[in-house]
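Read the structure below first, then the notes.
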Amino acid sequence: MLGEIRNQQGERIDYTLHQGAPDSKNIVVLGHGVTGNKDRLFVVALAEGLEKAGLNALRISFSGNGTSEGKFTDSNITKEVADLGAVLDALAGWNIGYIGHSMGGAVGVIRTSSDDRIKLLVSLAGMVTTKAFAEREFGMVTPGQGNMWNDEACPLSQSYMDDLRQLDNLVDRATSIKVPWLLVHGTEDDVVFPQDSLDIFAKANQPASLLQIKGANHVFTGEHTAQMVEAVTAWVKARTNS
């Protein structure tokens with residue numbers, strides 16, 4: 001239906017389409033976080049929830065992740081912002097929403113703040129203080145030698161660290177987001193701290209909304225998956241014309 005999607009480097013972006021409304025031109029794109037891909041369990045659960053609610057959803061793996069083309073060591077927020085732009089190009093003529101988790105949340109904030117093709121935004125445990133995150137999680141790892149969270153499939157690159165340090169803090173971009181925006185964060189998230197969502201929400205335009213899910217961790221495991229899916233699906237459905 002959409003055909004092949006390739007980024008600026010010519011790398012193929014892998015995706016899965018959920019057609020909850022085959023005759024509709026409304027669609028929600030789902031982007032994952034660092035070391036993730038489109039097949040994370042809670043991302044799949046959310047896409048299926050949207051589909052059951054009569055909405056179209058598109059799960060994507062950013063370049064270098066999952067089975068998308070490209071190298072993981074080239075992955076960073078700035079490149080993924082461009083990847084999302086390529087997806088938007090492929091969806092020309094559609095009414096597009098975007099849901100991003102963690103680093104994918106940072107991608108959504110940057111893209112939405114400067115691209116009016118995104119009509120609604122959901123940030124799931126969205127990364128905001130990018131430099132602080134990079135230093136806290138990987139500051140003791142030598143780029144080019146060590147890995148993210150000791151995962152050999154996810155080597156830490158200098159370009160990743162440089163990109164997050166240069167971006168530093170996305171909080172001021174909130175004022176440039178003019179579309180409906182939902183921020184969701186678990187109170188027990190120890191990867192991207194809940195304060196990130198609180199800080200950027202304080203700068204957001206109305207009608208932004210903040211949902212804190214008590215007891216939820218960074219990836220909304222266990223009972224919190226269903227809670228997150230229900231809340232996000234209802235919010236998106238209420239703001240999407242049939």
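Each chain in the structure tokens gets a letter, A, B and so on, in the order shown; residues start at 1 in every chain, and ligands are counted from 1 in the order they appear.
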List every residue of range 148-237 of chain A that DSSP, applied to the backbone, labels as strand (DSSP E), and write the result as JSON, numbers by chain.
{"A": [181, 182, 183, 184, 185, 186, 209, 210, 211, 212, 213]}
Helix (DSSP H, G or I) positions in range 52-201 of chain A, given as a PyMOL selection string
chain A and resi 52+72-74+77-90+103-114+130-138+148-150+158-167+171-176+194-201
For Leu46 in chain A, list every protein, DNA or RNA residue within 7 Å, evaluated using only C-alpha atoms, and leave out those in the same chain fewer than 4 positions away; present the list as an MDAnalysis selection string.
chainID A and resid 42 50 229
Store the residues of this selection in a file with C-alpha atoms, as an mmCIF file, in the first residue's frame.
```cif
data_model
loop_
_atom_site.group_PDB
_atom_site.id
_atom_site.type_symbol
_atom_site.label_atom_id
_atom_site.label_comp_id
_atom_site.auth_asym_id
_atom_site.auth_seq_id
_atom_site.Cartn_x
_atom_site.Cartn_y
_atom_site.Cartn_z
ATOM 1 C CA PHE A 42 4.508 -2.705 24.038
ATOM 2 C CA LEU A 50 -5.100 1.547 17.707
ATOM 3 C CA VAL A 229 -2.508 1.368 25.422
#
```
Find the residues near Asn169 in chain A: any atom within 10 Å, counting only C-alpha atoms, skip ones fewer than 4 places away on the same chain, and give them as a count of residues only.
13
Identify which of the residues A:Gly104, A:Ala53, A:Ala47, A:Gly3 lies closest to Gly31 in chain A, counting only C-alpha atoms when measuring atom-to-atom distances.
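Going through A:Gly104, A:Ala53, A:Ala47, A:Gly3 one by one, the smallest distance to Gly31 in chain A is for A:Gly104.
Using only C-alpha atoms, the residues found no farther than 7 Å from Leu17 in chain A, other than those of its own chain fewer than 6 positions away, are Ala57, Leu58 and Arg59 of chain A.
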Restricting the output to C-alpha atoms, write the selected residues as a PDB file, in the first residue's frame.
```pdb
ATOM      1  CA  ALA A  57      -1.012   2.594  12.591  1.00  0.00           C
ATOM      2  CA  LEU A  58       2.461   2.292  11.098  1.00  0.00           C
ATOM      3  CA  ARG A  59       5.239   0.777  13.208  1.00  0.00           C
TER       4      ARG A  59
END
```
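Each of A:Leu91, A:Ala45, A:Ala125, A:Val141 was checked against Pro155 in chain A using only C-alpha atoms; the smallest atom-to-atom distance is that of A:Val141.
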Which is closer to Arg117 in chain A than all the others in A:Asp89, A:Glu135, A:Asp189, A:Glu80, using only C-alpha atoms?
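Counting only C-alpha atoms, the residue closest to Arg117 in chain A is A:Asp89.
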Thr187 in chain A environment, 9 Å, only C-alpha atoms, sequence neighbours closer than 2 positions dropped, as a PyMOL selection string:
chain A and resi 185+189-190+193-194+212-218
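The residue that comes closest to Lys79 in chain A, out of A:Lys237, A:Arg111, A:His101, A:Lys25 and on the basis of only C-alpha atoms, is A:Arg111.
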Which residues are close to Asn26 in chain A, i.e. within 8 Å by only C-alpha atoms, leaving aside same-chain residues fewer than 2 positions away? Reply as a PyMOL selection string.
chain A and resi 24+28+55-56+94-97+240-242
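Across the structure, CA of Asp74 in chain A and CA of Tyr160 in chain A are spaced 7.3 Å apart.
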